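Q: I'm passing along query04.csv; it holds CSV, C-alpha atoms.
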chain,number,residue,atom,x,y,z
U,14,MET,CA,21.2,135.2,140.0
U,15,LEU,CA,21.0,137.6,142.9
U,16,PRO,CA,17.8,136.0,144.3
U,17,TYR,CA,19.5,132.6,144.6
U,18,THR,CA,22.7,134.2,146.1
U,19,LEU,CA,20.5,135.8,148.7
U,20,LEU,CA,18.6,132.6,149.4
U,21,GLY,CA,21.9,130.8,149.7
U,22,LEU,CA,23.2,133.3,152.3
U,23,LEU,CA,20.0,133.1,154.3
U,24,ALA,CA,20.1,129.3,154.2
U,25,SER,CA,23.1,129.5,156.6
U,26,GLN,CA,21.5,132.0,159.0
U,27,PRO,CA,18.9,134.8,159.2
U,28,CYS,CA,20.4,138.2,158.3
U,29,HIS,CA,19.9,141.9,158.1
U,30,GLY,CA,19.8,143.4,154.6
U,31,TYR,CA,23.0,145.3,155.3
U,32,ASP,CA,24.8,142.2,156.4
U,33,LEU,CA,23.6,140.4,153.2
U,34,LYS,CA,25.1,143.2,151.2
U,35,ASN,CA,28.5,142.8,152.9
U,36,ALA,CA,28.4,139.1,152.7
U,37,ILE,CA,27.8,139.2,148.9
U,38,GLU,CA,30.5,141.7,148.4
U,39,GLN,CA,33.0,139.5,150.3
U,40,ALA,CA,32.0,136.3,148.6
U,41,PHE,CA,32.5,137.8,145.2
U,42,GLY,CA,35.8,139.4,145.8
U,43,GLY,CA,35.1,142.3,148.1
U,44,GLN,CA,35.5,145.0,145.5
U,45,ARG,CA,32.2,146.0,144.3
U,46,GLU,CA,29.7,148.3,146.1
U,47,ILE,CA,26.5,146.4,145.5
U,48,ASN,CA,23.5,148.6,145.1
U,49,PHE,CA,21.4,148.5,148.3
U,50,GLY,CA,18.3,149.2,146.3
U,51,GLN,CA,18.8,146.1,144.2
U,52,ILE,CA,19.1,144.0,147.3
U,53,TYR,CA,16.0,145.3,148.9
U,54,THR,CA,14.0,145.0,145.7
U,55,THR,CA,15.0,141.4,145.4
U,56,LEU,CA,14.3,140.7,149.1
U,57,SER,CA,10.8,142.1,148.9
U,58,ARG,CA,10.1,140.1,145.8
U,59,LEU,CA,11.4,136.9,147.6
U,60,GLU,CA,9.1,137.9,150.5
U,61,ARG,CA,6.1,138.4,148.3
U,62,ASP,CA,6.7,134.9,146.8
U,63,GLY,CA,6.9,133.3,150.2
U,64,LEU,CA,10.6,132.3,149.9
U,65,VAL,CA,11.8,134.5,152.8
U,66,THR,CA,10.1,136.1,155.8
U,67,ALA,CA,11.0,139.4,157.3
U,68,ALA,CA,10.8,140.2,161.0
U,69,GLU,CA,11.0,143.8,162.1
U,70,ALA,CA,13.4,144.4,165.0
U,71,GLU,CA,11.9,145.5,168.3
U,72,ASP,CA,14.1,148.5,168.7
U,73,GLY,CA,11.6,150.4,166.5
U,74,ARG,CA,14.3,151.4,164.0
U,75,GLY,CA,12.6,149.2,161.4
U,76,LYS,CA,15.6,147.1,160.7
U,77,LYS,CA,14.4,143.8,159.2
U,78,THR,CA,15.8,140.4,159.8
U,79,TYR,CA,15.3,138.0,156.9
U,80,SER,CA,14.9,134.3,157.2
U,81,ILE,CA,14.5,131.6,154.5
U,82,THR,CA,11.2,129.7,154.5
U,83,PRO,CA,11.0,125.9,153.8
U,84,GLN,CA,9.6,126.8,150.4
U,85,GLY,CA,12.6,129.1,149.8
U,86,ARG,CA,15.0,126.3,150.7
U,87,HIS,CA,13.1,124.0,148.3
U,88,GLU,CA,13.5,126.6,145.5
U,89,LEU,CA,17.2,127.0,146.3
U,90,GLU,CA,17.9,123.3,146.3
U,91,ALA,CA,16.0,122.9,143.0
U,92,TRP,CA,18.2,125.6,141.5
U,93,LEU,CA,21.4,124.2,142.8
U,94,GLY,CA,20.5,120.8,141.4
U,95,GLN,CA,19.7,122.0,137.9
U,96,THR,CA,22.5,121.8,135.3
U,97,VAL,CA,23.2,125.1,133.6
U,98,GLU,CA,22.0,125.9,130.1
U,99,LYS,CA,24.8,127.5,128.2
U,100,ILE,CA,22.6,129.2,125.5
U,101,GLU,CA,22.8,132.6,127.4
U,102,THR,CA,26.6,132.7,127.1
U,103,TYR,CA,26.5,132.0,123.3
U,104,LYS,CA,24.7,135.3,122.9
U,105,ASP,CA,27.3,137.6,121.4
U,106,GLU,CA,26.6,141.3,121.0
U,107,PHE,CA,29.6,141.7,118.7
U,108,LEU,CA,28.2,139.2,116.2
U,109,VAL,CA,24.9,141.2,116.2
U,110,LYS,CA,27.0,144.3,115.5
U,111,LEU,CA,28.7,142.5,112.6
U,112,ILE,CA,25.3,141.5,111.2
U,113,VAL,CA,23.8,144.9,111.6
U,114,ARG,CA,26.9,146.5,110.1
U,115,HIS,CA,26.4,144.2,107.1
U,116,LEU,CA,22.7,144.9,106.8
U,117,ALA,CA,23.2,148.6,107.1
U,118,GLY,CA,25.8,148.5,104.4
U,119,TYR,CA,28.7,149.8,106.5
U,120,GLY,CA,32.0,148.3,105.5
U,121,ASP,CA,35.2,148.3,107.5
U,122,THR,CA,34.6,145.0,109.2
U,123,LEU,CA,38.4,144.5,109.8
U,124,ALA,CA,38.7,147.8,111.7
U,125,ALA,CA,35.7,146.8,113.8
U,126,ILE,CA,37.2,143.4,114.6
U,127,THR,CA,40.6,145.1,115.4
U,128,ARG,CA,38.9,147.5,117.9
U,129,GLN,CA,37.0,144.6,119.5
U,130,ARG,CA,40.3,142.6,119.8
U,131,GLN,CA,41.9,145.5,121.5
U,132,ALA,CA,39.0,145.8,123.9
U,133,TYR,CA,39.2,142.0,124.7
U,134,LEU,CA,43.0,142.1,125.1
U,135,GLN,CA,42.8,145.0,127.4
U,136,GLN,CA,40.2,143.2,129.5
U,137,LEU,CA,42.5,140.2,129.6
U,138,ARG,CA,45.3,142.4,130.7
U,139,ASP,CA,43.2,143.9,133.5
U,140,LEU,CA,42.1,140.5,134.6
U,141,THR,CA,45.7,139.4,134.8
U,142,ALA,CA,46.5,142.2,137.1
U,143,LEU,CA,43.4,141.4,139.1
U,144,SER,CA,44.4,137.7,139.4
U,145,VAL,CA,47.7,138.7,140.9
U,146,ARG,CA,45.9,140.7,143.6
U,147,LYS,CA,43.2,138.2,144.2
U,148,GLY,CA,45.2,135.0,143.8
U,149,ASP,CA,44.7,133.9,147.4
U,150,ASP,CA,40.9,133.8,147.3
U,151,PRO,CA,40.0,130.4,145.7
U,152,TYR,CA,36.5,131.3,144.4
U,153,VAL,CA,37.4,134.7,143.2
U,154,SER,CA,40.4,133.4,141.3
U,155,LEU,CA,38.2,130.7,139.7
U,156,LEU,CA,35.8,133.5,138.7
U,157,ILE,CA,38.7,135.4,137.1
U,158,GLU,CA,40.2,132.3,135.5
U,159,GLY,CA,36.8,131.5,133.9
U,160,ALA,CA,36.5,135.1,132.6
U,161,MET,CA,40.0,134.9,131.1
U,162,LEU,CA,39.2,131.6,129.3
U,163,HIS,CA,36.1,133.1,127.9
U,164,LEU,CA,38.0,136.1,126.6
U,165,GLN,CA,40.6,133.8,125.0
U,166,ALA,CA,37.9,131.9,123.2
U,167,ASP,CA,36.3,135.2,122.1
U,168,LEU,CA,39.6,136.3,120.7
U,169,HIS,CA,40.0,133.1,118.8
U,170,TRP,CA,36.5,133.5,117.5
U,171,LEU,CA,37.3,137.0,116.3
U,172,ASP,CA,40.2,135.5,114.3
U,173,ILE,CA,37.6,133.2,112.6
U,174,CYS,CA,35.3,136.2,112.0
U,175,ASP,CA,38.2,138.0,110.5
U,176,GLU,CA,39.2,135.1,108.2
U,177,ARG,CA,35.7,134.2,107.0
U,178,LEU,CA,34.4,137.7,106.5
U,179,GLU,CA,37.5,138.6,104.5
U,180,HIS,CA,36.8,135.8,102.1
U,181,LEU,CA,33.2,136.8,102.0
U,182,GLU,CA,34.0,140.4,101.2
U,183,LYS,CA,36.4,139.3,98.5
U,184,SER,CA,33.9,137.1,96.8
U,185,LEU,CA,31.2,139.9,96.7
D,10,MET,CA,60.0,159.2,122.5
D,11,ASN,CA,62.5,156.3,122.6
D,12,ALA,CA,64.9,155.5,119.9
D,13,THR,CA,64.0,152.9,117.2
D,14,ILE,CA,65.8,149.6,117.8
D,15,VAL,CA,64.4,147.5,115.0
D,16,GLU,CA,62.8,148.5,111.8
D,17,THR,CA,61.6,146.4,108.9
D,18,LYS,CA,60.9,147.9,105.5
D,19,ASN,CA,58.6,145.9,103.2
D,20,VAL,CA,60.3,142.7,104.3
D,21,ARG,CA,59.5,139.5,102.5
D,22,LYS,CA,60.5,135.9,103.0
D,23,THR,CA,59.7,133.2,100.5
D,24,TYR,CA,60.5,129.6,101.0
D,25,GLY,CA,60.8,127.1,98.2
D,26,LEU,CA,61.1,127.9,94.5
D,27,ASN,CA,58.8,129.1,91.7
D,28,SER,CA,55.5,127.2,91.6
D,29,VAL,CA,55.9,125.7,95.1
D,30,ALA,CA,57.1,128.9,96.7
D,31,VAL,CA,55.4,129.9,99.9
D,32,GLU,CA,55.5,133.4,101.0
D,33,ALA,CA,55.8,133.3,104.8
D,34,VAL,CA,56.3,137.0,105.3
D,35,CYS,CA,54.5,139.3,102.8
D,36,GLY,CA,55.9,142.8,103.0
D,37,ILE,CA,55.9,143.9,106.6
D,38,ASP,CA,56.7,147.4,107.8
D,39,LEU,CA,57.4,147.3,111.5
D,40,THR,CA,59.1,149.7,113.9
D,41,VAL,CA,60.0,148.7,117.5
D,42,ASN,CA,61.2,151.3,119.9
D,43,ALA,CA,63.7,150.7,122.7
D,44,GLY,CA,62.0,149.7,125.9
D,45,GLU,CA,58.9,148.3,124.2
D,46,PHE,CA,57.3,144.9,124.8
D,47,VAL,CA,55.8,143.8,121.5
D,48,ALA,CA,53.9,140.6,121.0
D,49,LEU,CA,53.4,139.0,117.6
D,50,VAL,CA,50.4,136.8,117.8
D,51,GLY,CA,48.8,134.6,115.3
D,52,PRO,CA,48.1,130.9,114.4
D,53,SER,CA,50.8,128.6,113.2
D,54,GLY,CA,51.8,129.4,109.6
D,55,SER,CA,50.9,133.1,110.1
D,56,GLY,CA,54.6,134.1,109.6
D,57,LYS,CA,55.2,135.3,113.1
D,58,SER,CA,58.2,133.1,113.8
D,59,SER,CA,59.6,133.7,110.3
D,60,LEU,CA,59.5,137.5,111.0
D,61,LEU,CA,61.1,137.0,114.4
D,62,TYR,CA,64.0,135.1,112.8
D,63,LEU,CA,64.5,137.8,110.3
D,64,ILE,CA,64.6,140.4,113.0
D,65,GLY,CA,67.1,138.3,115.0
D,66,ALA,CA,69.4,137.9,112.0
D,67,MET,CA,69.0,134.2,112.1
D,68,ASP,CA,67.5,134.2,108.6
D,69,SER,CA,67.8,136.7,105.7
D,70,PRO,CA,64.9,138.2,103.8
D,71,THR,CA,64.1,137.5,100.2
D,72,SER,CA,63.5,141.2,99.7
D,73,GLY,CA,63.1,144.3,101.8
D,74,GLU,CA,65.3,145.5,104.7
D,75,VAL,CA,65.7,144.7,108.4
D,76,LEU,CA,67.5,147.5,110.3
D,77,PHE,CA,68.9,146.8,113.7
D,78,GLU,CA,69.9,150.1,115.5
D,79,GLY,CA,69.8,151.7,112.0
D,80,ARG,CA,72.1,149.2,110.4
D,81,ASP,CA,70.9,147.1,107.5
D,82,LEU,CA,71.5,143.4,108.5
D,83,ALA,CA,72.0,142.4,104.9
D,84,LYS,CA,75.0,144.7,104.7
D,85,LEU,CA,76.8,143.1,107.6
D,86,ARG,CA,79.6,140.6,107.0
D,87,ASP,CA,79.1,137.1,108.5
D,88,GLY,CA,81.4,137.8,111.4
D,89,GLN,CA,79.6,141.0,112.2
D,90,ARG,CA,76.2,139.3,112.1
D,91,THR,CA,77.5,136.6,114.4
D,92,ASP,CA,78.7,139.3,116.8
D,93,LEU,CA,75.4,141.0,116.7
D,94,ARG,CA,73.5,137.8,117.5
D,95,ALA,CA,76.0,137.0,120.3
D,96,SER,CA,76.0,140.3,122.1
D,97,LYS,CA,73.1,142.5,121.0
D,98,ILE,CA,70.3,140.1,120.7
D,99,GLY,CA,69.1,137.6,123.3
D,100,PHE,CA,67.0,134.6,122.4
D,101,VAL,CA,64.6,132.5,124.4
D,102,PHE,CA,63.0,129.5,122.8
D,103,GLN,CA,60.0,127.3,123.5
D,104,THR,CA,62.3,124.3,124.2
D,105,PHE,CA,64.7,126.2,126.5
D,106,ASN,CA,67.8,124.9,124.7
D,107,LEU,CA,70.0,124.7,127.7
D,108,LEU,CA,73.3,122.7,127.6
D,109,PRO,CA,72.4,119.5,129.5
D,110,THR,CA,75.9,118.8,130.9
D,111,LEU,CA,76.4,122.3,132.4
D,112,ASN,CA,74.6,123.5,135.5
D,113,ALA,CA,72.4,126.5,135.6
D,114,PHE,CA,75.2,128.9,136.6
D,115,GLU,CA,77.4,127.6,133.8
D,116,ASN,CA,74.6,127.8,131.3
D,117,VAL,CA,74.1,131.5,132.0
D,118,GLU,CA,77.9,132.2,132.2
D,119,ILE,CA,78.9,130.5,128.9
D,120,ALA,CA,77.0,133.0,126.8
D,121,MET,CA,79.0,135.9,128.4
D,122,ARG,CA,82.2,134.0,127.8
D,123,LEU,CA,81.3,133.8,124.1
D,124,GLY,CA,80.4,137.5,124.2
D,125,GLY,CA,84.0,138.2,125.4
D,126,MET,CA,83.3,139.3,129.0
D,127,GLY,CA,86.0,138.9,131.6
D,128,ARG,CA,85.8,136.2,134.3
D,129,SER,CA,85.0,138.2,137.4
D,130,GLU,CA,82.4,140.3,135.7
D,131,ARG,CA,80.8,137.2,134.3
D,132,GLN,CA,80.6,135.6,137.6
D,133,SER,CA,79.0,138.5,139.4
D,134,ARG,CA,76.7,139.1,136.5
D,135,THR,CA,75.6,135.5,136.5
D,136,ALA,CA,74.8,135.6,140.2
D,137,GLU,CA,72.9,138.8,139.7
D,138,LEU,CA,70.9,137.4,136.8
D,139,LEU,CA,70.0,134.2,138.6
D,140,GLU,CA,68.7,136.3,141.4
D,141,ARG,CA,66.8,138.5,139.0
D,142,VAL,CA,64.9,135.4,137.7
D,143,GLY,CA,64.4,134.0,141.2
D,144,LEU,CA,66.9,131.1,141.0
D,145,SER,CA,69.8,132.1,143.3
D,146,GLU,CA,69.6,128.8,145.1
D,147,ARG,CA,69.5,126.7,141.9
D,148,GLY,CA,72.8,127.6,140.3
D,149,LYS,CA,74.5,124.2,140.9
D,150,HIS,CA,71.6,122.3,139.4
D,151,GLN,CA,71.8,120.7,136.0
D,152,PRO,CA,68.9,121.3,133.7
D,153,ARG,CA,67.4,117.9,134.2
D,154,ARG,CA,67.0,118.6,137.9
D,155,LEU,CA,65.1,121.8,137.2
D,156,SER,CA,61.4,122.1,136.4
D,157,GLY,CA,60.3,123.5,133.0
D,158,GLY,CA,59.6,126.9,134.4
D,159,GLU,CA,63.0,127.0,136.1
D,160,ARG,CA,64.7,126.0,132.9
D,161,GLN,CA,63.0,128.8,131.1
D,162,ARG,CA,64.1,131.2,133.8
D,163,VAL,CA,67.7,130.0,133.3
D,164,ALA,CA,67.3,130.5,129.5
D,165,ILE,CA,66.0,134.1,130.1
D,166,ALA,CA,69.0,134.8,132.4
D,167,ARG,CA,71.3,133.4,129.8
D,168,ALA,CA,69.7,135.5,127.1
D,169,LEU,CA,70.2,138.7,129.2
D,170,GLY,CA,73.9,138.0,130.0
D,171,ASN,CA,75.5,140.3,127.5
D,172,ARG,CA,73.0,143.1,128.1
D,173,PRO,CA,71.4,142.7,124.7
D,174,GLY,CA,69.4,145.7,123.3
D,175,LEU,CA,66.8,143.3,122.2
D,176,LEU,CA,65.3,140.1,123.7
D,177,LEU,CA,63.5,137.8,121.3
D,178,ALA,CA,61.2,135.1,122.7
D,179,ASP,CA,59.7,132.4,120.5
D,180,GLU,CA,56.6,130.9,122.3
D,181,PRO,CA,58.4,131.1,125.6
D,182,THR,CA,55.4,129.6,127.4
D,183,GLY,CA,54.6,127.0,124.8
D,184,ASN,CA,56.0,124.1,126.8
D,185,LEU,CA,54.8,125.2,130.2
D,186,ASP,CA,51.5,124.8,132.1
D,187,SER,CA,49.4,127.8,132.5
D,188,LYS,CA,50.5,128.8,136.0
D,189,THR,CA,54.2,128.4,135.3
D,190,GLY,CA,53.8,130.2,132.0
D,191,THR,CA,52.2,133.1,133.9
D,192,GLY,CA,55.3,133.3,136.0
D,193,ILE,CA,57.5,133.6,132.9
D,194,LEU,CA,55.3,136.2,131.4
D,195,GLU,CA,55.4,138.2,134.6
D,196,LEU,CA,59.2,138.0,134.5
D,197,LEU,CA,59.3,139.2,130.9
D,198,ARG,CA,56.9,142.0,131.9
D,199,THR,CA,59.1,143.0,134.8
D,200,ILE,CA,62.4,143.1,133.0
D,201,CYS,CA,60.7,145.3,130.4
D,202,SER,CA,59.0,147.7,132.9
D,203,GLU,CA,61.8,147.8,135.5
D,204,ASP,CA,65.0,147.3,133.5
D,205,GLY,CA,63.8,148.9,130.2
D,206,GLN,CA,64.5,145.7,128.3
D,207,THR,CA,63.1,145.7,124.8
D,208,VAL,CA,61.2,142.4,124.2
D,209,ILE,CA,59.6,141.0,121.1
D,210,MET,CA,57.7,137.8,121.8
D,211,VAL,CA,56.0,135.4,119.4
D,212,THR,CA,53.0,133.5,120.7
D,213,HIS,CA,49.8,131.9,119.5
D,214,ASP,CA,48.2,132.6,122.9
D,215,PHE,CA,46.3,135.8,123.4
D,216,ARG,CA,46.6,135.6,127.1
D,217,ALA,CA,50.4,135.7,126.7
D,218,ALA,CA,50.1,138.5,124.2
D,219,SER,CA,48.1,140.6,126.7
D,220,TYR,CA,51.2,141.2,128.8
D,221,ALA,CA,52.7,143.3,126.0
D,222,ASP,CA,52.5,147.0,125.4
D,223,ARG,CA,51.7,146.5,121.7
D,224,VAL,CA,50.1,143.5,120.1
D,225,LEU,CA,50.4,142.8,116.4
D,226,VAL,CA,48.0,140.2,115.0
D,227,MET,CA,49.5,138.3,112.1
D,228,ARG,CA,47.8,136.2,109.5
D,229,ASP,CA,49.0,134.9,106.2
D,230,GLY,CA,52.3,136.7,106.5
D,231,ARG,CA,50.8,140.1,107.1
D,232,ILE,CA,49.9,142.2,110.0
D,233,ARG,CA,46.1,142.2,110.3
D,234,GLY,CA,45.8,144.5,113.3
D,235,GLU,CA,47.8,146.4,115.7
D,236,MET,CA,46.8,147.3,119.2
D,237,LYS,CA,48.3,149.2,122.1
D,238,LEU,CA,47.5,148.0,125.6
D,239,GLN,CA,47.6,149.9,128.9
D,240,ALA,CA,49.1,148.4,132.1
D,241,GLY,CA,46.4,146.5,133.8
D,242,GLN,CA,46.0,148.8,136.7
D,243,ASN,CA,42.3,149.4,136.8
D,244,THR,CA,41.6,146.2,138.7
D,245,THR,CA,38.7,147.6,140.7
D,246,GLN,CA,36.8,148.4,137.5
D,247,ALA,CA,37.6,144.9,136.1
D,248,MET,CA,36.3,143.3,139.2
D,249,GLU,CA,33.2,145.4,139.2
D,250,ARG,CA,32.4,144.4,135.7
D,251,LEU,CA,32.9,140.8,136.5
D,252,LEU,CA,30.6,140.8,139.5
D,253,GLU,CA,28.0,142.8,137.7
D,254,LEU,CA,27.8,140.0,135.1
D,255,GLU,CA,27.8,137.2,137.6
D,256,LEU,CA,25.0,138.6,139.8
D,257,GLN,CA,22.7,139.8,137.0
Can the structure from this file be put into structure tokens for me?

A:
Amino acid sequence: MLPYTLLGLLASQPCHGYDLKNAIEQAFGGQREINFGQIYTTLSRLERDGLVTAAEAEDGRGKKTYSITPQGRHELEAWLGQTVEKIETYKDEFLVKLIVRHLAGYGDTLAAITRQRQAYLQQLRDLTALSVRKGDDPYVSLLIEGAMLHLQADLHWLDICDERLEHLEKSL
Amino acid sequence: MNATIVETKNVRKTYGLNSVAVEAVCGIDLTVNAGEFVALVGPSGSGKSSLLYLIGAMDSPTSGEVLFEGRDLAKLRDGQRTDLRASKIGFVFQTFNLLPTLNAFENVEIAMRLGGMGRSERQSRTAELLERVGLSERGKHQPRRLSGGERQRVAIARALGNRPGLLLADEPTGNLDSKTGTGILELLRTICSEDGQTVIMVTHDFRAASYADRVLVMRDGRIRGEMKLQAGQNTTQAMERLLELELQ
């Protein structure tokens, strides 16, 4: 979603790549060092597709100012207007691991579930600490709250895995 | 290594008789050390509350042993068991259980009176506890004039009155909205981390459980998994992970 985030920032005003990096970091909680390379790769792809233009500064240092094109704005608005497909979030790597574990004939499903529970609970604990620190930023606290609710759902789902697979193993 | 405060040995609890008997707790071995915050988490009917009541001497096991500070609860006389519950174990319930005709201060104080503490010590301890739970200004309020979260804070202050070795909490956030519940969990976390209070909490909510040092997942009267958690200090890493996912 980085391309749309960049388009969104450029929709408010033209920007240097470096300022875009700072603005994203701030918008999403001001914690993460975003990879510069990733931003420039994305920007040049947007430029190639005609969604942004780049103007080189006259000071000769080659710093580029990026602006959104009408086509870019159109693309951004279309994306904002679209409802979100949830399919991507249903993908669960742990379920794939359970299936592969079964296919490969490894047992010890309960131990695997317990380890996964521990990992999710620890993440929940970390997010709790984070939400205390970031509670004053409304969008960041929404991001954290959402992640916590997903983790809670994942933990309940692990309970169901545990219960169903136990019965399955007993019936084999 | 801290001393063991509670230990259960193959403890079982069966309700009902013969053909209709339901085994709520099916042979649990559990050791809780002083200063630990332990969460028993599981769906309703998993036996977590039954286990809590056995540990708190509010119910007796069908078989097996529950040791509190090394003493077998089954070997205590009724009077000794009542003393233990009054002075060594504090309880916090989902429904707060405050006395409606007493104000917050009196609700906290009365437990100490029952525990045999003298008047002046009671009064200063009550004031200190109300401050600890963030309710110094609310002492004169009756429970009906307090919010749910405030009532639970009074209940926690009351439970701590006699400096119990063990605080038991049964779904302490069950009747509270998420934000208020978070405040209560942070309070429990603080009294454990800062005051060394041992806490055993029953909950169906994993988010509540994540505040504990150790989480025991219960199902069908058994412990299905045990996990140790680290204090949530690595917030930078947590934030990085989050952003990485959002921006992918």

Q: For chain D, report every residue with an atom at most 12 Å from chain U (counting only C-alpha atoms), formatted as an MDAnalysis selection string.

A: chainID D and resid 48 50:52 55 187:188 191:192 194:195 198 213:229 232:257

Q: Grab the residues selected above and save them as an mmCIF file, keeping the file's coordinate frame with C-alpha atoms.

A:
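Saved to part.cif:
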data_model
loop_
_atom_site.group_PDB
_atom_site.id
_atom_site.type_symbol
_atom_site.label_atom_id
_atom_site.label_comp_id
_atom_site.auth_asym_id
_atom_site.auth_seq_id
_atom_site.Cartn_x
_atom_site.Cartn_y
_atom_site.Cartn_z
ATOM 1 C CA ALA D 48 53.900 140.600 121.000
ATOM 2 C CA VAL D 50 50.400 136.800 117.800
ATOM 3 C CA GLY D 51 48.800 134.600 115.300
ATOM 4 C CA PRO D 52 48.100 130.900 114.400
ATOM 5 C CA SER D 55 50.900 133.100 110.100
ATOM 6 C CA SER D 187 49.400 127.800 132.500
ATOM 7 C CA LYS D 188 50.500 128.800 136.000
ATOM 8 C CA THR D 191 52.200 133.100 133.900
ATOM 9 C CA GLY D 192 55.300 133.300 136.000
ATOM 10 C CA LEU D 194 55.300 136.200 131.400
ATOM 11 C CA GLU D 195 55.400 138.200 134.600
ATOM 12 C CA ARG D 198 56.900 142.000 131.900
ATOM 13 C CA HIS D 213 49.800 131.900 119.500
ATOM 14 C CA ASP D 214 48.200 132.600 122.900
ATOM 15 C CA PHE D 215 46.300 135.800 123.400
ATOM 16 C CA ARG D 216 46.600 135.600 127.100
ATOM 17 C CA ALA D 217 50.400 135.700 126.700
ATOM 18 C CA ALA D 218 50.100 138.500 124.200
ATOM 19 C CA SER D 219 48.100 140.600 126.700
ATOM 20 C CA TYR D 220 51.200 141.200 128.800
ATOM 21 C CA ALA D 221 52.700 143.300 126.000
ATOM 22 C CA ASP D 222 52.500 147.000 125.400
ATOM 23 C CA ARG D 223 51.700 146.500 121.700
ATOM 24 C CA VAL D 224 50.100 143.500 120.100
ATOM 25 C CA LEU D 225 50.400 142.800 116.400
ATOM 26 C CA VAL D 226 48.000 140.200 115.000
ATOM 27 C CA MET D 227 49.500 138.300 112.100
ATOM 28 C CA ARG D 228 47.800 136.200 109.500
ATOM 29 C CA ASP D 229 49.000 134.900 106.200
ATOM 30 C CA ILE D 232 49.900 142.200 110.000
ATOM 31 C CA ARG D 233 46.100 142.200 110.300
ATOM 32 C CA GLY D 234 45.800 144.500 113.300
ATOM 33 C CA GLU D 235 47.800 146.400 115.700
ATOM 34 C CA MET D 236 46.800 147.300 119.200
ATOM 35 C CA LYS D 237 48.300 149.200 122.100
ATOM 36 C CA LEU D 238 47.500 148.000 125.600
ATOM 37 C CA GLN D 239 47.600 149.900 128.900
ATOM 38 C CA ALA D 240 49.100 148.400 132.100
ATOM 39 C CA GLY D 241 46.400 146.500 133.800
ATOM 40 C CA GLN D 242 46.000 148.800 136.700
ATOM 41 C CA ASN D 243 42.300 149.400 136.800
ATOM 42 C CA THR D 244 41.600 146.200 138.700
ATOM 43 C CA THR D 245 38.700 147.600 140.700
ATOM 44 C CA GLN D 246 36.800 148.400 137.500
ATOM 45 C CA ALA D 247 37.600 144.900 136.100
ATOM 46 C CA MET D 248 36.300 143.300 139.200
ATOM 47 C CA GLU D 249 33.200 145.400 139.200
ATOM 48 C CA ARG D 250 32.400 144.400 135.700
ATOM 49 C CA LEU D 251 32.900 140.800 136.500
ATOM 50 C CA LEU D 252 30.600 140.800 139.500
ATOM 51 C CA GLU D 253 28.000 142.800 137.700
ATOM 52 C CA LEU D 254 27.800 140.000 135.100
ATOM 53 C CA GLU D 255 27.800 137.200 137.600
ATOM 54 C CA LEU D 256 25.000 138.600 139.800
ATOM 55 C CA GLN D 257 22.700 139.800 137.000
#

Q: Can you work out the spacing between atom CA of U:Gln95 and atom CA of U:Arg61 in Å, to one decimal?

A: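 Separation of atom CA of U:Gln95 and atom CA of U:Arg61: 23.7 Å.
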
Q: Return the single residue from D:Gly88, D:Gly157, D:Gly170, D:Gly56 that is closest to D:Gly124, with distances computed using all atoms listed in the file.

A: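 The shortest atom-to-atom distance to D:Gly124 comes from D:Gly170.
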
Q: Would you mind reading off the distance between atom CA of U:Gly75 and atom CA of U:Ser25, one decimal, in Å?

A: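 Taking atom CA of U:Gly75 as the start and atom CA of U:Ser25 as the end point, the length is 22.8 Å.
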
Q: Report, in Å with one decimal, the straight-line distance from atom CA of U:Val97 to atom CA of D:Asp186.

A: 28.3 Å

Q: Which is closer to D:Ala166 than all the others in D:Arg94, D:His150, D:Arg141, D:Lys84, using all atoms listed in the file?

A: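 Residue with the minimum atom-to-atom distance to D:Ala166: D:Arg141.
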
Q: As JSON, numbers by chain, please: the residues near D:Gly158 (cut-off 7 Å, all atoms listed in the file, same-chain neighbours under 3 positions excluded).

A: {"D": [161, 162, 185, 189]}

Q: Take the residues from that selection and write them out as an mmCIF file, in the coordinates of the input, keeping C-alpha atoms.

A:
data_model
loop_
_atom_site.group_PDB
_atom_site.id
_atom_site.type_symbol
_atom_site.label_atom_id
_atom_site.label_comp_id
_atom_site.auth_asym_id
_atom_site.auth_seq_id
_atom_site.Cartn_x
_atom_site.Cartn_y
_atom_site.Cartn_z
ATOM 1 C CA GLN D 161 63.000 128.800 131.100
ATOM 2 C CA ARG D 162 64.100 131.200 133.800
ATOM 3 C CA LEU D 185 54.800 125.200 130.200
ATOM 4 C CA THR D 189 54.200 128.400 135.300
#

Q: List the spatial neighbours of D:Ser133 as JSON, numbers by chain - criterion: any atom at most 12 Å away, only C-alpha atoms, same-chain residues fewer than 3 positions off excluded.

A: {"D": [114, 117, 118, 121, 126, 127, 128, 129, 130, 136, 137, 138, 139, 140, 145, 170]}

Q: Go through D:Thr91, D:Ser69, D:Asn116, D:Ser53 and flag the residue nearest D:Val20, using all atoms listed in the file for the distances.

A: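 Looking only at the distances to D:Val20, the closest residue turns out to be D:Ser69.
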
Q: For U:Tyr79, please output as a PyMOL selection string all residues within 7 Å (counting all atoms listed in the file; exclusion window: fewer than 4 positions along the same chain).

A: chain U and resi 27-29+65-68

Q: Between U:Leu181, U:Ala117, U:Leu56, U:Leu23, single out the one closest to U:Ser80, counting only C-alpha atoms.

A: U:Leu23

Q: Env of D:Ala178: 8 Å cut, atoms = only C-alpha atoms, seq-sep filter 3 positions within chain, self excluded. Answer as a ChimeraX atom specification.

A: /D:100-103,181,208-211

Q: Give me, as a list in words, all polymer residues having an atom no more than 10 Å from U:Gly85, counting only C-alpha atoms and skipping those fewer than 3 positions away in the same chain.

A: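 Result of the neighbour search: Tyr17, Leu20, Gly21, Leu23, Ala24, Leu59, Glu60, Asp62, Gly63, Leu64, Val65, Thr66, Ser80, Ile81, Thr82, Glu88, Leu89, Glu90 and Ala91 of chain U.
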